[in-house]
Amino acid sequence: MSSTTTTEERGGSALRERLSGVVSQLAAAGALIVVFVFLSFASPVFLSADNLFNIGVQTSYTAVIAIGMTLVIITAGIDLSVGSVAALSGVVGVVLMVQVGIPVVPAIIGGVLVGALCGLVNGLLVSVAGLNPFIATLGMLSVARGLVYIPTNAKAVFGAPDSFRLLGQGVIGAIPIPIIVVAVVAIVGYVVLSRTKLGRYAYAMGSNREAARLSGIPIKRYLTSVYVISGALAGFGGMIASSQVASGQPNFGMGLELDAIAAAVIGGASLFGGQGTVVGTLIGAFLIALIRNGSVLLDVNIYYQQVIIGVVIWVAVLWDQYRRRRLAASD
Amino acid sequence: MSSPETRTEAEEPIVRLRGVSKEFPGVLAVDGVDLDILPGEVHVVAGENGAGKSTLMKLLSQVERPSGGEIELSGEKMGFHGPRYAQASGIAMVYQEFALAPHLSVAENLFMGREPGRFGFVSRGAEKEEARELLGRVGLHTNPDRLAGSLSVAEQQRLEIAKALAIEARIVIMDEPTATLAEREIEDLFGVIRDLTADGIAILYISHRLDEIFRIADRVTVMRDGRVVDTLPASELDEDGLVRLMVGREVGNLYPKPETEIGDVLLRASGVSRGSVLKDCSFEVRSEEILGFAGLVGAGRTELARAVFGADPVDSGTVELEGETLRVRNPQDAIESGIGYLTEDRKDEGLALQLGVDQNITLANLPGRFGFINLGTERRTAQRRRDELNIRTPSIRRSVQVLSGGNQQKVVVAKWLETEAKVLFFDEPARGIDVGAKAEMFGLIGDLAGEGRGIVLISSYLPELLNMCDRILVMREGEVAGVIPREEFSEERVISLATGTKEAA
């Protein structure tokens, strides 16, 4: 075959091609548009800037955590500890401000580091000790929750300085800061996944661990890094959530891991590894958020939300499987 | 195996296919196939990958529904009711990857889905009794209480065949049954096949391996592009003729061995030992040399390559490259020193299937720095390798799982060329790829040697080694049994070293 460089192989359009591939192939993207259009007509309030920003703010920490989760899922792993870790980080961050008296920004970084440390333990348990990711992070789910309860006695920590509210409640111009934060994390996440060795190796390890090892990829180091990133983002998500309520809540984030996994999976990530994108996960997170918001606006019984979201998970993954099978059959 | 002459033309086929077709979206995988399967015959279906063999077998075992045509069983038209119906009608399939439950016993596996007993209870006594009898017929003399997972590969295959007997199959379909067997085990399997055919059971046998086809077949049906090219008695075919029918054109020399100028020692491994798997193994490879690793399955060929490559930990041994002693603790070290290893199993160990052609090519040596990938360089690298190795893919972005076996193998080769390896181990490089692609692969291996690399070629198929290699190292039970220079090559010599039998003078 002689080499004719087709447009799809040229660099400039690569990003657009891969993006449009995600959007056109993902059932969730279609569903997001359908739900969006439907709500625009069904509710007069929906399409207001206030409401849309509100959705963005409410889903911000879930989105941040789900991006970390996506990275882990791509390696064929799972991180069940993100909810507990978010609570631990959020509380530690607030304690650093209130009781230790550290300024806000270093305290936030402290919270994120606590998350990263939990992630490091997860990562070492998975990559060095050889524990199954489900088990390793299930343990951390319990450990982190226990660690936040012990010193607080499960009571919230109040008294954070006002400036701390900026992270979760502030605005720059008209745009809420948490939305900007999600955008930044998403862009960084996109770059990491598509342009860095870490991202590439995550896909390779998830697609075929042994092939990756025999290609000379230092599996332990990269696998550990992936869990550290997930832990750090869980910690960051916890800080955003703490900022939104201006306190450290030891009970925060129960079941949050399931939202994060749902967002990633609806967004096309495969629990068998090797597949998943930041764009897909954002779509998944916002689809869930829209369904919740729509239910409130349309005054649907709140318990139906749960049912609808569950069905959305099924349909999204079934559609994905169907598409993949067709792809395989046509070869 | 009854000889074709003893059969009369009037013999009633067990199964008769008439104009059977299967269309997938955009592809006519099986196109108007006529086929008769006679009682007691070994009927080989040969053809390249994608010729439609496997699809045809799925139609017969009712895993897939035909789009057209008719299948008759003993003269009566068969409806389509799925695999259970096909089994009940006496058509059994022994898959390449066995469908056994490893945590259940041999007997439980044997009767899965049709346990003797009633009211939902299983009669264990009856189960065991019947199991012994069936296992005896396939020469598997083992306790029916053993866990299926503890059987060797060859034994598991016997168990699969016994499962076919348990349902009183009249046709047993075997898909590449020897792919994972050692020579000795293949001989035993053929013995079992002959016993079955003597009882009037027909064997429908899918195979790539030409040598085998001539050893076992009564009749051969060659498929190409979904159609039957011809059905012939095996006695009327020779190897060249069969290849021509499969490929549809003349294939030049299958093993184009180039003339090379063998140079200095590149790689020297000394005293490599690992438990009972490798015992004090030493060898050397020179530049422009192709060294073969021969031996029975389990003799330690793959293990020796993996040890030198750092894929498995070793107890002792040293590896020198161009006179310098290397410290190889893992594949990373080996790759950095200039050693590459193309695994035996592309899909399990060689490729990240979901990733693109480009991403697989650069996997072992990503261009870029500070942790970032230079996507432009990556794209150009992939395009260059695609053109150079003639990798046929709709786009370098496409995931490698859509490529043919031969092209997948070339992607793996491209990956190792990117590491600038000086010594390359090829472990069964021709397994599972088409005849045409094989010739291309061996041509490529020859070229790589010609460019000054040292090549180690591991193969279970002796003609590959005898044609391609400059020397053959024969392994037996984890030891180097001997090294034969090209002037002294003979099949007998290799086999006698591999099996440890005295050479017939």
# chains A, B, ... in the order shown; residues from 1 in each chain; ligands from 1

call {"tool": "residues_around", "arguments": {"residues": "region 145-158 of chain A", "least_positions_apart": "6", "cutoff": "8 Å", "atoms": "only C-alpha atoms", "output": "list of chain:residue names"}}
result
A:Ser84, A:Val85, A:Ala87, A:Leu88, A:Val91, A:Val94, A:Val95, A:Val98, A:Ala246, A:Ser247, A:Gly248, A:Gln249, A:Pro250, A:Asn251

call {"tool": "write_last_selection", "arguments": {"atoms": "N, CA and C atoms", "output": "short mmCIF file (atom, residue, chain, number, x, y, z; two decimals), in the first residue's frame"}}
result
data_model
loop_
_atom_site.label_atom_id
_atom_site.label_comp_id
_atom_site.auth_asym_id
_atom_site.auth_seq_id
_atom_site.Cartn_x
_atom_site.Cartn_y
_atom_site.Cartn_z
N SER A 84 -15.15 7.97 50.63
CA SER A 84 -14.56 8.08 51.96
C SER A 84 -13.34 8.99 51.96
N VAL A 85 -12.52 8.84 50.93
CA VAL A 85 -11.30 9.65 50.83
C VAL A 85 -11.67 11.13 50.70
N ALA A 87 -14.30 12.56 51.92
CA ALA A 87 -14.73 13.02 53.24
C ALA A 87 -13.52 13.28 54.13
N LEU A 88 -12.58 12.33 54.12
CA LEU A 88 -11.37 12.46 54.95
C LEU A 88 -10.61 13.72 54.57
N VAL A 91 -12.45 16.98 55.54
CA VAL A 91 -12.38 17.26 56.97
C VAL A 91 -10.96 17.69 57.37
N VAL A 94 -10.31 21.27 56.35
CA VAL A 94 -10.98 22.26 57.20
C VAL A 94 -10.31 22.31 58.58
N VAL A 95 -9.93 21.15 59.09
CA VAL A 95 -9.24 21.11 60.38
C VAL A 95 -7.93 21.89 60.31
N VAL A 98 -8.98 25.54 60.46
CA VAL A 98 -9.65 25.99 61.67
C VAL A 98 -8.80 25.75 62.92
N ALA A 246 -18.99 25.04 53.51
CA ALA A 246 -18.12 25.79 54.43
C ALA A 246 -17.84 25.04 55.73
N SER A 247 -17.70 23.71 55.59
CA SER A 247 -17.41 22.91 56.79
C SER A 247 -16.87 21.54 56.35
N GLY A 248 -16.28 20.84 57.31
CA GLY A 248 -15.84 19.47 57.04
C GLY A 248 -16.88 18.49 57.52
N GLN A 249 -17.41 17.70 56.58
CA GLN A 249 -18.51 16.79 56.91
C GLN A 249 -18.02 15.34 56.88
N PRO A 250 -17.88 14.71 58.05
CA PRO A 250 -17.38 13.33 58.08
C PRO A 250 -18.29 12.34 57.35
N ASN A 251 -19.57 12.69 57.22
CA ASN A 251 -20.49 11.77 56.56
C ASN A 251 -20.58 11.99 55.06
#

call {"tool": "closest_atom_pairs", "arguments": {"of": "chain B", "to": "chain A", "cutoff": "6 Å", "atoms": "only C-alpha atoms", "output": "CSV"}}
result
residue,atom,partner,partner_atom,distance
B:Pro331,CA,A:Gly216,CA,5.0
B:Gln332,CA,A:Gly216,CA,3.9
B:Glu349,CA,A:Ala211,CA,4.3
B:Gly350,CA,A:Ala211,CA,4.8
B:Leu351,CA,A:Ala211,CA,5.8
B:Ala352,CA,A:Asn208,CA,5.1
B:Ala364,CA,A:Ser215,CA,4.7
B:Gly371,CA,A:Lys197,CA,5.3
B:Phe372,CA,A:Thr196,CA,4.1
B:Ile373,CA,A:Thr196,CA,5.1
B:Val402,CA,A:Asp331,CA,5.9

call {"tool": "write_last_selection", "arguments": {"atoms": "C-alpha atoms", "output": "JSON list (two decimals), in the first residue's frame"}}
result
[["chain", "number", "residue", "atom", "x", "y", "z"],
["B", 331, "PRO", "CA", 11.97, -6.69, 30.17],
["B", 332, "GLN", "CA", 12.75, -2.99, 30.50],
["B", 349, "GLU", "CA", 1.03, -11.15, 25.37],
["B", 350, "GLY", "CA", 2.01, -9.19, 22.30],
["B", 351, "LEU", "CA", -0.64, -6.62, 21.49],
["B", 352, "ALA", "CA", -2.84, -4.16, 23.31],
["B", 364, "ALA", "CA", 7.93, -0.11, 23.64],
["B", 371, "GLY", "CA", 6.42, 12.27, 30.07],
["B", 372, "PHE", "CA", 4.71, 13.79, 27.05],
["B", 373, "ILE", "CA", 4.25, 11.93, 23.78],
["B", 402, "VAL", "CA", -9.49, -5.60, 13.23]]

call {"tool": "closest_residue", "arguments": {"among": "B:Leu266, B:Leu366, B:Val357, B:Met112", "to": "Val319 (chain B)", "atoms": "only C-alpha atoms"}}
result
B:Leu266

call {"tool": "select_by_dssp", "arguments": {"residues": "region 79-272 of chain A", "states": "strand (DSSP E)", "output": "list in words"}}
result
Val171, Ile172, Ile175 and Pro176 of chain A

call {"tool": "write_last_selection", "arguments": {"atoms": "N, CA and C atoms", "output": "PDB file, in the first residue's frame"}}
result
ATOM      1  N   VAL A 171     -17.444  33.116  42.159  1.00  0.00           N
ATOM      2  CA  VAL A 171     -17.593  33.299  40.724  1.00  0.00           C
ATOM      3  C   VAL A 171     -16.444  34.128  40.183  1.00  0.00           C
ATOM      4  N   ILE A 172     -16.099  33.896  38.943  1.00  0.00           N
ATOM      5  CA  ILE A 172     -15.189  34.788  38.224  1.00  0.00           C
ATOM      6  C   ILE A 172     -16.013  35.355  37.091  1.00  0.00           C
ATOM      7  N   ILE A 175     -19.151  33.368  35.870  1.00  0.00           N
ATOM      8  CA  ILE A 175     -19.011  31.910  35.858  1.00  0.00           C
ATOM      9  C   ILE A 175     -18.574  31.388  37.224  1.00  0.00           C
ATOM     10  N   PRO A 176     -19.319  30.438  37.755  1.00  0.00           N
ATOM     11  CA  PRO A 176     -18.954  29.881  39.059  1.00  0.00           C
ATOM     12  C   PRO A 176     -17.584  29.221  39.011  1.00  0.00           C
TER      13      PRO A 176
END

call {"tool": "atom_distance", "arguments": {"atom1": "CA of Asn360 (chain B)", "atom2": "CA of Asp434 (chain B)"}}
result
21.4 Å

call {"tool": "atom_distance", "arguments": {"atom1": "CA of Asn143 (chain B)", "atom2": "CA of Tyr205 (chain B)"}}
result
28.6 Å

call {"tool": "residues_around", "arguments": {"residues": "Ile187 (chain A)", "least_positions_apart": "6", "cutoff": "12 Å", "atoms": "only C-alpha atoms", "output": "list of chain:residue names"}}
result
A:Val64, A:Ile67, A:Ile180, A:Val181, A:Leu193, A:Ser194, A:Arg195, A:Thr277, A:Val278, A:Val279, A:Leu282

call {"tool": "closest_residue", "arguments": {"among": "B:Arg219, B:Arg380, B:Arg132, B:Arg369", "to": "Ile206 (chain B)", "atoms": "only C-alpha atoms"}}
result
B:Arg219

call {"tool": "atom_distance", "arguments": {"atom1": "CA of Pro66 (chain B)", "atom2": "CA of Ala169 (chain B)"}}
result
21.4 Å

call {"tool": "residues_around", "arguments": {"residues": "Glu160 (chain B)", "least_positions_apart": "6", "cutoff": "9 Å", "atoms": "only C-alpha atoms", "output": "VMD selection string"}}
result
chain B and resid 93 to 95 98 to 100 109 to 110

call {"tool": "residues_around", "arguments": {"residues": "Leu140 (chain B)", "least_positions_apart": "4", "cutoff": "8 Å", "atoms": "only C-alpha atoms", "output": "tab-separated table (two decimals) with N, CA and C atoms, in the first residue's frame"}}
result
chain	number	residue	atom	x	y	z
B	135	LEU	N	-14.33	-42.11	29.09
B	135	LEU	CA	-12.94	-41.66	29.16
B	135	LEU	C	-12.02	-42.73	28.57
B	136	GLY	N	-12.39	-44.00	28.80
B	136	GLY	CA	-11.60	-45.08	28.24
B	136	GLY	C	-11.56	-45.01	26.71
B	155	GLU	N	-5.06	-33.50	27.97
B	155	GLU	CA	-6.12	-34.25	28.67
B	155	GLU	C	-7.45	-33.53	28.62
B	158	ARG	N	-9.03	-34.30	25.43
B	158	ARG	CA	-9.66	-35.62	25.45
B	158	ARG	C	-11.01	-35.55	26.11
B	159	LEU	N	-11.06	-34.79	27.19
B	159	LEU	CA	-12.31	-34.65	27.93
B	159	LEU	C	-13.38	-34.01	27.03

call {"tool": "closest_residue", "arguments": {"among": "B:Val45, B:Val265, B:Leu321, B:Leu147", "to": "Leu204 (chain B)", "atoms": "only C-alpha atoms"}}
result
B:Val45
